[in-house]
file query_5.cif (mmCIF, C-alpha atoms)
data_my_file
#
loop_
_atom_site.label_atom_id
_atom_site.label_comp_id
_atom_site.auth_asym_id
_atom_site.auth_seq_id
_atom_site.Cartn_x
_atom_site.Cartn_y
_atom_site.Cartn_z
CA MET A 1 140.65 8.13 -62.33
CA GLN A 2 144.05 7.49 -63.78
CA SER A 3 143.41 3.84 -64.60
CA LYS A 4 140.67 4.79 -67.07
CA ARG A 5 143.28 6.22 -69.44
CA LEU A 6 145.46 3.11 -69.51
CA PRO A 7 145.66 1.04 -72.70
CA ARG A 8 143.73 -2.21 -72.72
CA ALA A 9 146.80 -4.46 -72.57
CA VAL A 10 148.19 -2.66 -69.52
CA ARG A 11 144.86 -2.82 -67.72
CA GLU A 12 144.54 -6.52 -68.51
CA GLN A 13 147.94 -7.17 -66.94
CA GLN A 14 147.04 -5.10 -63.88
CA MET A 15 143.94 -7.23 -63.35
CA LEU A 16 146.06 -10.37 -63.65
CA ASP A 17 148.57 -8.94 -61.14
CA ALA A 18 145.73 -8.28 -58.70
CA ALA A 19 144.19 -11.70 -59.33
CA VAL A 20 147.48 -13.54 -58.76
CA ARG A 21 147.85 -11.72 -55.46
CA VAL A 22 144.31 -12.41 -54.28
CA PHE A 23 144.28 -16.08 -55.41
CA SER A 24 147.59 -16.51 -53.68
CA GLU A 25 146.47 -14.94 -50.40
CA ARG A 26 142.94 -16.34 -50.17
CA GLY A 27 143.08 -19.52 -52.21
CA PHE A 28 140.94 -20.12 -55.28
CA HIS A 29 137.68 -20.92 -53.49
CA ALA A 30 137.75 -18.04 -51.00
CA ALA A 31 139.04 -15.45 -53.49
CA ASN A 32 136.32 -13.06 -54.58
CA MET A 33 135.98 -10.95 -57.68
CA ASP A 34 135.10 -7.80 -55.69
CA GLU A 35 138.52 -7.77 -54.06
CA ILE A 36 140.28 -8.42 -57.36
CA ALA A 37 138.34 -5.57 -58.99
CA GLU A 38 139.09 -3.19 -56.12
CA LEU A 39 142.78 -4.03 -56.12
CA SER A 40 143.06 -3.43 -59.85
CA GLY A 41 141.09 -0.18 -59.59
CA VAL A 42 138.30 -1.23 -61.95
CA SER A 43 134.68 -2.31 -61.55
CA LYS A 44 133.72 -5.94 -61.10
CA PRO A 45 131.79 -6.05 -64.43
CA MET A 46 134.96 -4.88 -66.12
CA VAL A 47 136.93 -7.79 -64.64
CA TYR A 48 134.29 -10.18 -66.00
CA ALA A 49 134.32 -8.41 -69.37
CA TYR A 50 138.09 -8.72 -69.69
CA HIS A 51 138.73 -12.10 -68.10
CA GLY A 52 135.44 -14.05 -67.89
CA THR A 53 134.50 -16.21 -64.90
CA LYS A 54 136.67 -16.79 -61.84
CA GLU A 55 137.79 -20.13 -63.36
CA GLU A 56 138.76 -18.40 -66.61
CA LEU A 57 140.58 -15.67 -64.71
CA PHE A 58 142.52 -18.25 -62.72
CA LEU A 59 143.41 -20.07 -65.92
CA SER A 60 144.67 -16.80 -67.45
CA CYS A 61 146.85 -16.25 -64.35
CA LEU A 62 148.15 -19.79 -64.56
CA ARG A 63 149.01 -19.42 -68.26
CA ARG A 64 150.70 -16.05 -67.85
CA GLU A 65 152.84 -17.19 -64.90
CA SER A 66 153.71 -20.39 -66.68
CA GLU A 67 154.73 -18.60 -69.90
CA ARG A 68 156.88 -16.20 -67.91
CA LEU A 69 158.55 -19.11 -66.16
CA MET A 70 159.26 -20.93 -69.42
CA GLU A 71 160.60 -17.74 -71.04
CA ARG A 72 162.86 -17.22 -68.05
CA ILE A 73 164.24 -20.74 -68.21
CA LEU A 74 164.79 -20.56 -71.99
CA ALA A 75 166.44 -17.14 -71.81
CA ALA A 76 168.75 -18.29 -69.01
CA SER A 77 169.82 -21.64 -70.43
CA ASP A 78 171.45 -20.98 -73.81
CA ALA A 79 171.68 -24.27 -75.71
CA THR A 80 175.24 -23.52 -76.88
CA LEU A 81 176.63 -23.59 -73.30
CA PRO A 82 178.21 -26.73 -71.81
CA PRO A 83 175.51 -29.03 -70.40
CA ASP A 84 176.21 -28.42 -66.69
CA GLU A 85 176.07 -24.65 -67.26
CA GLN A 86 172.83 -24.98 -69.22
CA LEU A 87 171.33 -26.93 -66.37
CA TRP A 88 172.75 -24.60 -63.72
CA ARG A 89 171.46 -21.48 -65.45
CA GLY A 90 168.08 -23.01 -66.21
CA ILE A 91 167.67 -24.15 -62.60
CA LYS A 92 168.91 -20.81 -61.26
CA GLY A 93 166.47 -18.96 -63.54
CA PHE A 94 163.69 -21.22 -62.30
CA PHE A 95 164.42 -20.65 -58.60
CA GLU A 96 164.97 -16.93 -59.09
CA PHE A 97 161.54 -16.79 -60.71
CA VAL A 98 160.01 -18.69 -57.81
CA GLY A 99 161.84 -16.47 -55.28
CA ALA A 100 160.79 -13.24 -56.99
CA HIS A 101 157.22 -14.33 -57.74
CA ARG A 102 156.25 -16.30 -54.71
CA ASP A 103 152.63 -15.35 -55.39
CA GLY A 104 153.00 -16.48 -58.97
CA TRP A 105 154.48 -19.81 -57.93
CA SER A 106 151.60 -20.30 -55.54
CA VAL A 107 149.05 -19.72 -58.31
CA LEU A 108 151.02 -21.50 -60.97
CA HIS A 109 151.80 -24.61 -59.14
CA ARG A 110 150.71 -25.22 -55.62
CA GLN A 111 147.09 -24.24 -56.15
CA ALA A 112 146.73 -25.46 -59.72
CA ARG A 113 148.01 -28.83 -58.53
CA SER A 114 145.40 -29.01 -55.79
CA LEU A 115 142.42 -27.99 -57.94
CA GLU A 116 141.11 -30.65 -60.24
CA PRO A 117 139.96 -28.42 -63.14
CA PHE A 118 143.44 -26.91 -63.53
CA ALA A 119 145.55 -29.99 -62.94
CA GLY A 120 145.30 -30.98 -66.63
CA GLU A 121 146.50 -27.57 -67.76
CA LEU A 122 149.46 -27.81 -65.38
CA ALA A 123 150.27 -31.33 -66.57
CA GLY A 124 150.53 -30.06 -70.15
CA MET A 125 152.99 -27.32 -69.17
CA ARG A 126 155.02 -29.74 -67.11
CA LYS A 127 155.20 -32.10 -70.07
CA ALA A 128 156.61 -29.33 -72.27
CA LEU A 129 159.35 -28.69 -69.71
CA VAL A 130 160.17 -32.41 -69.43
CA GLN A 131 160.47 -32.63 -73.22
CA LEU A 132 162.74 -29.59 -73.36
CA ILE A 133 165.09 -31.04 -70.72
CA ALA A 134 165.08 -34.50 -72.32
CA HIS A 135 165.93 -32.94 -75.67
CA ARG A 136 168.80 -30.86 -74.26
CA LEU A 137 170.15 -33.91 -72.45
CA ASP A 138 169.93 -35.94 -75.66
CA VAL A 139 171.91 -33.30 -77.57
CA ALA A 140 174.58 -33.26 -74.82
CA LEU A 141 174.85 -37.05 -74.85
CA GLN A 142 175.12 -37.19 -78.62
CA LYS A 143 177.99 -34.71 -78.47
CA GLU A 144 179.73 -37.16 -76.13
CA GLY A 145 179.05 -39.93 -78.65
CA ARG A 146 176.44 -41.56 -76.44
CA GLN A 147 172.96 -42.70 -77.19
CA VAL A 148 170.41 -43.20 -74.48
CA ARG A 149 166.93 -44.64 -74.91
CA PRO A 150 164.07 -42.11 -74.98
CA ASP A 151 162.61 -43.57 -71.75
CA ASP A 152 165.92 -43.02 -69.96
CA LEU A 153 165.97 -39.40 -71.11
CA THR A 154 162.36 -38.89 -70.07
CA SER A 155 162.89 -40.44 -66.65
CA MET A 156 165.98 -38.29 -66.03
CA ALA A 157 164.00 -35.19 -67.02
CA LEU A 158 161.05 -36.26 -64.85
CA SER A 159 163.38 -36.77 -61.88
CA LEU A 160 164.84 -33.34 -62.42
CA VAL A 161 161.45 -31.64 -62.71
CA GLY A 162 160.08 -33.50 -59.66
CA ALA A 163 163.13 -32.57 -57.59
CA SER A 164 162.86 -28.93 -58.75
CA GLU A 165 159.21 -28.70 -57.76
CA SER A 166 159.93 -30.20 -54.38
CA LEU A 167 162.72 -27.68 -53.71
CA ALA A 168 160.65 -24.80 -55.11
CA ASP A 169 157.95 -25.47 -52.51
CA TRP A 170 160.67 -25.44 -49.86
CA LEU A 171 162.18 -22.21 -51.24
CA SER A 172 158.81 -20.48 -51.27
CA ALA A 173 158.41 -21.39 -47.58
CA HIS A 174 161.91 -20.06 -46.68
CA PRO A 175 162.04 -16.29 -47.35
CA ASP A 176 165.69 -16.06 -46.22
CA GLU A 177 166.94 -18.65 -48.69
CA ASP A 178 168.88 -17.27 -51.67
CA PRO A 179 167.44 -18.79 -54.89
CA ALA A 180 170.95 -19.24 -56.34
CA ARG A 181 171.81 -21.31 -53.30
CA THR A 182 168.74 -23.52 -53.81
CA ALA A 183 169.91 -23.95 -57.40
CA THR A 184 173.33 -25.11 -56.16
CA ARG A 185 171.65 -27.59 -53.80
CA LEU A 186 169.69 -29.03 -56.71
CA MET A 187 172.78 -29.24 -58.93
CA ASN A 188 174.44 -31.27 -56.20
CA ALA A 189 171.44 -33.57 -55.99
CA VAL A 190 170.84 -34.15 -59.70
CA TRP A 191 174.07 -33.25 -61.48
CA MET A 192 176.61 -34.66 -59.03
CA GLY A 193 174.32 -37.19 -57.34
CA ALA A 194 174.24 -38.37 -53.73
CA GLY A 195 177.06 -40.83 -54.37
CA GLN A 196 179.46 -38.05 -55.33
CA LEU A 197 178.33 -35.91 -52.42
CA LEU A 198 179.06 -38.75 -50.06
CA HIS A 199 182.68 -38.72 -51.18
CA GLY A 200 182.96 -34.99 -50.81
CA HIS A 201 182.66 -34.08 -54.50
CA THR A 202 180.33 -31.13 -54.80
CA TRP A 203 179.29 -29.03 -57.73
CA LYS A 204 180.36 -25.38 -57.68
CA PRO A 205 178.76 -22.64 -59.74
CA PRO A 206 181.01 -21.10 -62.43
CA LEU A 207 182.99 -17.99 -61.46
CA ASP A 208 181.70 -14.62 -62.59
CA GLU A 209 183.89 -11.84 -64.07
CA ARG A 210 185.16 -10.89 -60.61
CA GLY A 211 186.09 -14.41 -59.70
CA ASN A 212 183.19 -14.91 -57.30
CA HIS A 213 180.94 -17.95 -57.38
CA GLN A 214 177.62 -16.95 -58.87
CA ALA A 215 175.62 -18.50 -56.06
CA ALA A 216 177.24 -16.11 -53.59
CA ALA A 217 175.96 -13.06 -55.50
CA MET B 1 125.99 -64.40 -45.88
CA GLN B 2 129.60 -65.34 -45.38
CA SER B 3 130.81 -61.82 -44.60
CA LYS B 4 128.63 -61.71 -41.46
CA ARG B 5 130.91 -64.21 -39.74
CA LEU B 6 134.13 -62.31 -40.37
CA PRO B 7 135.96 -60.73 -37.42
CA ARG B 8 135.65 -56.96 -37.14
CA ALA B 9 139.25 -56.23 -38.14
CA VAL B 10 138.98 -58.28 -41.33
CA ARG B 11 135.70 -56.63 -42.28
CA GLU B 12 137.20 -53.19 -41.64
CA GLN B 13 140.07 -53.96 -44.00
CA GLN B 14 137.67 -55.28 -46.66
CA MET B 15 135.77 -52.01 -46.54
CA LEU B 16 139.02 -50.09 -46.93
CA ASP B 17 140.00 -52.31 -49.88
CA ALA B 18 136.66 -51.56 -51.54
CA ALA B 19 136.95 -47.86 -50.74
CA VAL B 20 140.47 -47.57 -52.18
CA ARG B 21 139.24 -49.22 -55.37
CA VAL B 22 136.16 -47.00 -55.70
CA PHE B 23 137.98 -43.75 -54.80
CA SER B 24 140.65 -44.67 -57.29
CA GLU B 25 138.22 -45.43 -60.12
CA ARG B 26 135.70 -42.64 -59.59
CA GLY B 27 137.66 -39.93 -57.79
CA PHE B 28 136.78 -38.65 -54.34
CA HIS B 29 133.86 -36.42 -55.36
CA ALA B 30 132.09 -38.91 -57.62
CA ALA B 31 132.70 -41.94 -55.38
CA ASN B 32 129.54 -43.00 -53.56
CA MET B 33 129.08 -44.90 -50.37
CA ASP B 34 126.50 -47.26 -51.91
CA GLU B 35 129.06 -48.67 -54.30
CA ILE B 36 131.67 -49.02 -51.56
CA ALA B 37 129.14 -50.85 -49.36
CA GLU B 38 128.08 -53.16 -52.20
CA LEU B 39 131.67 -53.97 -53.12
CA SER B 40 132.53 -54.86 -49.51
CA GLY B 41 129.35 -56.95 -49.12
CA VAL B 42 127.93 -54.92 -46.23
CA SER B 43 125.14 -52.37 -45.84
CA LYS B 44 125.77 -48.65 -46.24
CA PRO B 45 124.94 -47.90 -42.57
CA MET B 46 127.60 -50.41 -41.61
CA VAL B 47 130.22 -48.55 -43.67
CA TYR B 48 129.26 -45.35 -41.86
CA ALA B 49 129.32 -47.12 -38.49
CA TYR B 50 132.81 -48.47 -39.09
CA HIS B 51 134.45 -45.61 -40.95
CA GLY B 52 132.36 -42.44 -40.50
CA THR B 53 131.75 -39.95 -43.30
CA LYS B 54 133.18 -40.18 -46.79
CA GLU B 55 135.95 -37.73 -45.78
CA GLU B 56 136.83 -39.89 -42.76
CA LEU B 57 136.78 -43.03 -44.89
CA PHE B 58 139.12 -41.41 -47.42
CA LEU B 59 141.43 -40.34 -44.62
CA SER B 60 141.50 -43.91 -43.26
CA CYS B 61 142.41 -45.18 -46.74
CA LEU B 62 145.12 -42.56 -47.04
CA ARG B 63 146.59 -43.46 -43.64
CA ARG B 64 146.53 -47.19 -44.27
CA GLU B 65 148.17 -46.92 -47.69
CA SER B 66 150.74 -44.52 -46.32
CA GLU B 67 151.62 -46.75 -43.38
CA ARG B 68 151.98 -49.72 -45.70
CA LEU B 69 154.27 -47.72 -47.93
CA MET B 70 156.46 -46.56 -45.02
CA GLU B 71 156.63 -50.11 -43.62
CA ARG B 72 157.66 -51.39 -47.02
CA ILE B 73 160.42 -48.80 -47.38
CA LEU B 74 161.71 -49.40 -43.85
CA ALA B 75 161.63 -53.19 -44.21
CA ALA B 76 163.50 -53.00 -47.52
CA SER B 77 166.21 -50.51 -46.57
CA ASP B 78 168.13 -52.00 -43.65
CA ALA B 79 170.18 -49.21 -42.02
CA THR B 80 173.24 -51.48 -41.69
CA LEU B 81 173.66 -51.83 -45.48
CA PRO B 82 176.04 -49.59 -47.48
CA PRO B 83 174.32 -46.27 -48.33
CA ASP B 84 173.82 -46.92 -52.05
CA GLU B 85 172.21 -50.29 -51.28
CA GLN B 86 169.97 -48.72 -48.63
CA LEU B 87 168.83 -46.15 -51.16
CA TRP B 88 168.46 -48.72 -53.93
CA ARG B 89 166.40 -51.07 -51.79
CA GLY B 90 164.29 -48.27 -50.34
CA ILE B 91 163.57 -46.89 -53.80
CA LYS B 92 162.90 -50.35 -55.22
CA GLY B 93 160.50 -51.09 -52.32
CA PHE B 94 158.76 -47.80 -53.00
CA PHE B 95 158.28 -48.43 -56.72
CA GLU B 96 157.28 -52.05 -56.17
CA PHE B 97 154.60 -50.79 -53.79
CA VAL B 98 153.41 -48.26 -56.36
CA GLY B 99 153.46 -50.91 -59.11
CA ALA B 100 151.55 -53.46 -57.01
CA HIS B 101 149.08 -50.98 -55.50
CA ARG B 102 148.37 -48.63 -58.34
CA ASP B 103 144.96 -47.96 -56.78
CA GLY B 104 146.61 -47.29 -53.45
CA TRP B 105 149.08 -44.87 -54.98
CA SER B 106 146.22 -43.08 -56.66
CA VAL B 107 144.40 -42.67 -53.34
CA LEU B 108 147.51 -42.06 -51.31
CA HIS B 109 149.11 -39.47 -53.42
CA ARG B 110 147.58 -38.27 -56.61
CA GLN B 111 144.13 -37.63 -55.19
CA ALA B 112 145.17 -36.54 -51.71
CA ARG B 113 147.47 -34.02 -53.33
CA SER B 114 144.64 -32.59 -55.40
CA LEU B 115 142.08 -32.34 -52.56
CA GLU B 116 142.61 -29.48 -50.18
CA PRO B 117 141.35 -31.15 -46.96
CA PHE B 118 143.84 -34.02 -47.31
CA ALA B 119 146.87 -32.13 -48.55
CA GLY B 120 147.96 -31.35 -44.98
CA GLU B 121 147.81 -34.99 -43.97
CA LEU B 122 149.90 -35.92 -47.00
CA ALA B 123 152.42 -33.16 -46.24
CA GLY B 124 152.95 -34.63 -42.76
CA MET B 125 153.68 -38.08 -44.15
CA ARG B 126 156.00 -36.67 -46.76
CA LYS B 127 157.87 -34.78 -44.07
CA ALA B 128 158.41 -37.99 -42.10
CA LEU B 129 159.92 -39.62 -45.21
CA VAL B 130 162.17 -36.60 -45.87
CA GLN B 131 163.42 -36.73 -42.26
CA LEU B 132 164.13 -40.46 -42.51
CA ILE B 133 166.18 -40.01 -45.69
CA ALA B 134 168.04 -36.96 -44.32
CA HIS B 135 168.89 -38.94 -41.18
CA ARG B 136 170.17 -41.96 -43.12
CA LEU B 137 172.25 -39.68 -45.35
CA ASP B 138 173.67 -37.94 -42.29
CA VAL B 139 174.71 -41.26 -40.76
CA ALA B 140 176.37 -42.30 -44.04
CA LEU B 141 178.25 -39.00 -44.27
CA GLN B 142 179.42 -39.19 -40.67
CA LYS B 143 180.83 -42.66 -41.36
CA GLU B 144 182.86 -41.05 -44.16
CA GLY B 145 184.04 -38.41 -41.69
CA ARG B 146 181.95 -35.69 -43.32
CA GLN B 147 179.55 -33.23 -41.83
CA VAL B 148 176.91 -31.54 -43.90
CA ARG B 149 174.60 -28.76 -42.77
CA PRO B 150 171.03 -29.83 -41.92
CA ASP B 151 169.63 -27.69 -44.78
CA ASP B 152 171.87 -29.52 -47.26
CA LEU B 153 170.63 -32.87 -45.97
CA THR B 154 167.02 -31.72 -46.11
CA SER B 155 167.35 -30.36 -49.63
CA MET B 156 168.97 -33.58 -50.84
CA ALA B 157 166.14 -35.60 -49.25
CA LEU B 158 163.51 -33.26 -50.73
CA SER B 159 165.07 -33.64 -54.18
CA LEU B 160 164.99 -37.38 -53.81
CA VAL B 161 161.37 -37.48 -52.65
CA GLY B 162 160.27 -35.05 -55.38
CA ALA B 163 162.04 -37.09 -58.05
CA SER B 164 160.51 -40.31 -56.66
CA GLU B 165 156.99 -38.91 -56.76
CA SER B 166 157.48 -37.67 -60.28
CA LEU B 167 158.67 -41.10 -61.46
CA ALA B 168 155.95 -42.89 -59.44
CA ASP B 169 153.28 -40.99 -61.37
CA TRP B 170 155.02 -42.03 -64.57
CA LEU B 171 155.27 -45.66 -63.42
CA SER B 172 151.59 -45.79 -62.51
CA ALA B 173 150.76 -44.60 -66.05
CA HIS B 174 153.03 -47.24 -67.67
CA PRO B 175 151.68 -50.72 -66.83
CA ASP B 176 154.50 -52.46 -68.77
CA GLU B 177 157.31 -50.79 -66.83
CA ASP B 178 159.11 -53.03 -64.32
CA PRO B 179 159.26 -51.21 -60.94
CA ALA B 180 162.85 -52.39 -60.39
CA ARG B 181 163.76 -50.72 -63.65
CA THR B 182 162.15 -47.45 -62.56
CA ALA B 183 164.21 -47.75 -59.37
CA THR B 184 167.39 -48.11 -61.44
CA ARG B 185 166.45 -45.04 -63.47
CA LEU B 186 166.04 -43.05 -60.26
CA MET B 187 169.34 -44.29 -58.85
CA ASN B 188 171.02 -43.02 -61.99
CA ALA B 189 169.35 -39.65 -61.61
CA VAL B 190 169.94 -39.08 -57.91
CA TRP B 191 172.79 -41.37 -56.88
CA MET B 192 175.02 -41.06 -59.92
CA GLY B 193 173.72 -37.70 -61.15
CA ALA B 194 173.30 -36.40 -64.69
CA GLY B 195 176.98 -35.41 -64.87
CA GLN B 196 178.10 -39.00 -64.33
CA LEU B 197 175.53 -40.30 -66.78
CA LEU B 198 176.84 -37.91 -69.41
CA HIS B 199 180.24 -39.55 -69.15
CA GLY B 200 178.83 -43.02 -69.38
CA HIS B 201 179.03 -43.89 -65.67
CA THR B 202 175.80 -45.58 -64.70
CA TRP B 203 174.65 -47.21 -61.53
CA LYS B 204 174.01 -50.97 -61.62
CA PRO B 205 171.91 -52.87 -59.10
CA PRO B 206 173.84 -55.38 -56.96
CA LEU B 207 174.01 -58.98 -58.20
CA ASP B 208 171.69 -61.52 -56.60
CA GLU B 209 172.74 -65.05 -55.53
CA ARG B 210 172.65 -66.27 -59.12
CA GLY B 211 174.78 -63.46 -60.43
CA ASN B 212 171.88 -61.64 -62.10
CA HIS B 213 171.24 -57.95 -61.67
CA GLN B 214 168.26 -57.52 -59.38
CA ALA B 215 166.53 -55.09 -61.73
CA ALA B 216 166.32 -57.79 -64.38
CA ALA B 217 164.34 -60.10 -62.06
#
call {"tool": "encode", "arguments": {"input": "query_5.cif", "output": "structure tokens"}}
result
Amino acid sequence: MQSKRLPRAVREQQMLDAAVRVFSERGFHAANMDEIAELSGVSKPMVYAYHGTKEELFLSCLRRESERLMERILAASDATLPPDEQLWRGIKGFFEFVGAHRDGWSVLHRQARSLEPFAGELAGMRKALVQLIAHRLDVALQKEGRQVRPDDLTSMALSLVGASESLADWLSAHPDEDPARTATRLMNAVWMGAGQLLHGHTWKPPLDERGNHQAAA
Amino acid sequence: MQSKRLPRAVREQQMLDAAVRVFSERGFHAANMDEIAELSGVSKPMVYAYHGTKEELFLSCLRRESERLMERILAASDATLPPDEQLWRGIKGFFEFVGAHRDGWSVLHRQARSLEPFAGELAGMRKALVQLIAHRLDVALQKEGRQVRPDDLTSMALSLVGASESLADWLSAHPDEDPARTATRLMNAVWMGAGQLLHGHTWKPPLDERGNHQAAA
């Protein structure tokens, strides 16, 4: 069999790919290791040898998906950009990740949130994201000569993360929705605010090289 | 015993009060019916007779807390007020509820969200709140002569609800935080938006009869 010749790291990732798919389709409790083994083309004992128990395997999936998501957000939102573009790109990267890895989002967030043993792990990752956003916001405010109390920064970041999660669930349930469009919706909610929207002021994504709005890509 | 003479409805509510407290302290799985019965001053068979199984009892708690929360929001946010005041009062009512019923919030939201059988029930209640907000926003926009697509209204309402939940969890973990202050933080995030905040434009609660800002009450 071809899979026998694959390097360890590649095989490990293949098992995680299979596991994310099975956890996503069946849910954590109903998922079984036989199906995960079959889908990754290895024996069940090998899955246990590489990834431990079903709980440990789920946790590995959760960590991998979460690291990928954070890397995506960090790569997208260059700290030297103006603050609205940082936010726009970070949010767009986030929703593009969710749109492209609907299975991953399901494992990462929706299931981890609803399973007590993993909720703590998820809370830690969420905290890291809140701190990143609060820090970026603080830097942007300081550039404007403003100082805001740490609690105000944290609560703004928490609002942003809560709103993002809420829209990510919606995006994952709407296959026809363009992730860049969801990102624009969120920018209007949290960057412009409902008060601005009410008066017809909306946020528009920056133009790309061809003069098109990026959300229309 | 005094409790024997209480009308049925009062006794029912006392059992729910006890159940909310026990579920909140122990978590759904560890909570036991003996403790709930003892705390409400009735026998365990009577708890079962009134409220059914532990799952049914939890569901009754969830529904009661949720109805109270919706009533509170509706009573606070009169639809004839200007839109920012509607939102401010609705949000303030919400956070005051969370602040005053930390146990209730725990049962209503944090636990229901993390227990698969109840997540559907919670999703239904959340949807009702999203629809209410989207409708109010639509009315406000129409008064301004604007029309916004239903998906834009829904996504704004989802952002608002997601941000509120995120800050409610934070509020329930910070006993010293004034709920009206949390409400002001959220108004700044979702009514003014981060872009306004960056330029020093913040939202201030309306003045009360004595000329004080309501958040400082």
call {"tool": "closest_atom_pairs", "arguments": {"input": "query_5.cif", "of": "chain B", "to": "chain A", "cutoff": "9 Å", "atoms": "all atoms listed in the file", "output": "JSON lines"}}
result
{"residue": "B:Pro83", "atom": "CA", "partner": "A:Gly195", "partner_atom": "CA", "distance": 8.6}
{"residue": "B:Asp84", "atom": "CA", "partner": "A:Gly195", "partner_atom": "CA", "distance": 7.3}
{"residue": "B:Gln111", "atom": "CA", "partner": "A:Ser114", "partner_atom": "CA", "distance": 8.7}
{"residue": "B:Ala112", "atom": "CA", "partner": "A:Ser114", "partner_atom": "CA", "distance": 8.6}
{"residue": "B:Arg113", "atom": "CA", "partner": "A:Ser114", "partner_atom": "CA", "distance": 6.0}
{"residue": "B:Ser114", "atom": "CA", "partner": "A:Ser114", "partner_atom": "CA", "distance": 3.7}
{"residue": "B:Leu115", "atom": "CA", "partner": "A:Ser114", "partner_atom": "CA", "distance": 5.7}
{"residue": "B:Glu116", "atom": "CA", "partner": "A:Ser114", "partner_atom": "CA", "distance": 6.3}
{"residue": "B:Ala119", "atom": "CA", "partner": "A:Ser114", "partner_atom": "CA", "distance": 8.0}
{"residue": "B:Leu137", "atom": "CA", "partner": "A:Leu198", "partner_atom": "CA", "distance": 8.3}
{"residue": "B:Ala140", "atom": "CA", "partner": "A:Leu198", "partner_atom": "CA", "distance": 7.5}
{"residue": "B:Leu141", "atom": "CA", "partner": "A:Leu198", "partner_atom": "CA", "distance": 5.9}
{"residue": "B:Glu144", "atom": "CA", "partner": "A:Leu198", "partner_atom": "CA", "distance": 7.4}
{"residue": "B:Arg146", "atom": "CA", "partner": "A:Gly200", "partner_atom": "CA", "distance": 7.6}
{"residue": "B:Asp152", "atom": "CA", "partner": "A:Arg185", "partner_atom": "CA", "distance": 6.8}
{"residue": "B:Ser155", "atom": "CA", "partner": "A:Arg185", "partner_atom": "CA", "distance": 6.6}
{"residue": "B:Met156", "atom": "CA", "partner": "A:Ala189", "partner_atom": "CA", "distance": 5.7}
{"residue": "B:Ala157", "atom": "CA", "partner": "A:Ala189", "partner_atom": "CA", "distance": 8.8}
{"residue": "B:Leu158", "atom": "CA", "partner": "A:Ser166", "partner_atom": "CA", "distance": 6.0}
{"residue": "B:Ser159", "atom": "CA", "partner": "A:Ala163", "partner_atom": "CA", "distance": 4.1}
{"residue": "B:Leu160", "atom": "CA", "partner": "A:Ala163", "partner_atom": "CA", "distance": 6.4}
{"residue": "B:Val161", "atom": "CA", "partner": "A:Ala163", "partner_atom": "CA", "distance": 7.2}
{"residue": "B:Gly162", "atom": "CA", "partner": "A:Ala163", "partner_atom": "CA", "distance": 4.4}
{"residue": "B:Ala163", "atom": "CA", "partner": "A:Ser159", "partner_atom": "CA", "distance": 4.1}
{"residue": "B:Ser164", "atom": "CA", "partner": "A:Ser159", "partner_atom": "CA", "distance": 6.9}
{"residue": "B:Glu165", "atom": "CA", "partner": "A:Gly162", "partner_atom": "CA", "distance": 6.9}
{"residue": "B:Ser166", "atom": "CA", "partner": "A:Gly162", "partner_atom": "CA", "distance": 5.0}
{"residue": "B:Leu167", "atom": "CA", "partner": "A:Leu158", "partner_atom": "CA", "distance": 6.4}
{"residue": "B:Trp170", "atom": "CA", "partner": "A:Ser155", "partner_atom": "CA", "distance": 8.3}
{"residue": "B:Thr182", "atom": "CA", "partner": "A:Ser155", "partner_atom": "CA", "distance": 8.1}
{"residue": "B:Arg185", "atom": "CA", "partner": "A:Ser155", "partner_atom": "CA", "distance": 6.6}
{"residue": "B:Leu186", "atom": "CA", "partner": "A:Ser159", "partner_atom": "CA", "distance": 7.0}
{"residue": "B:Met187", "atom": "CA", "partner": "A:Gly193", "partner_atom": "CA", "distance": 8.8}
{"residue": "B:Asn188", "atom": "CA", "partner": "A:Met156", "partner_atom": "CA", "distance": 8.0}
{"residue": "B:Ala189", "atom": "CA", "partner": "A:Met156", "partner_atom": "CA", "distance": 5.7}
{"residue": "B:Val190", "atom": "CA", "partner": "A:Gly193", "partner_atom": "CA", "distance": 4.8}
{"residue": "B:Trp191", "atom": "CA", "partner": "A:Gly193", "partner_atom": "CA", "distance": 4.5}
{"residue": "B:Met192", "atom": "CA", "partner": "A:Gly193", "partner_atom": "CA", "distance": 4.7}
{"residue": "B:Gly193", "atom": "CA", "partner": "A:Gly193", "partner_atom": "CA", "distance": 3.9}
{"residue": "B:Ala194", "atom": "CA", "partner": "A:Trp191", "partner_atom": "CA", "distance": 4.6}
{"residue": "B:Gly195", "atom": "CA", "partner": "A:Trp191", "partner_atom": "CA", "distance": 5.0}
{"residue": "B:Gln196", "atom": "CA", "partner": "A:Met192", "partner_atom": "CA", "distance": 7.0}
{"residue": "B:Leu197", "atom": "CA", "partner": "A:Leu141", "partner_atom": "CA", "distance": 8.7}
{"residue": "B:Leu198", "atom": "CA", "partner": "A:Leu141", "partner_atom": "CA", "distance": 5.9}
{"residue": "B:His199", "atom": "CA", "partner": "A:Glu144", "partner_atom": "CA", "distance": 7.4}
{"residue": "B:Gly200", "atom": "CA", "partner": "A:Arg146", "partner_atom": "CA", "distance": 7.6}
call {"tool": "closest_residue", "arguments": {"input": "query_5.cif", "among": "B:Arg11, B:Glu85, B:Met46, B:Thr80", "to": "Leu207 of chain B", "atoms": "only C-alpha atoms"}}
result
B:Glu85
call {"tool": "resolve_selection", "arguments": {"input": "query_5.cif", "expression": "the PyMOL selection byres ((chain A and resi 204) around 8)", "output": "ChimeraX atom specification"}}
result
/A:184,202-203,205-206,213
call {"tool": "closest_residue", "arguments": {"input": "query_5.cif", "among": "B:Met125, B:Ala75, B:Val107, B:Ala19", "to": "Ile91 of chain B", "atoms": "only C-alpha atoms"}}
result
B:Ala75
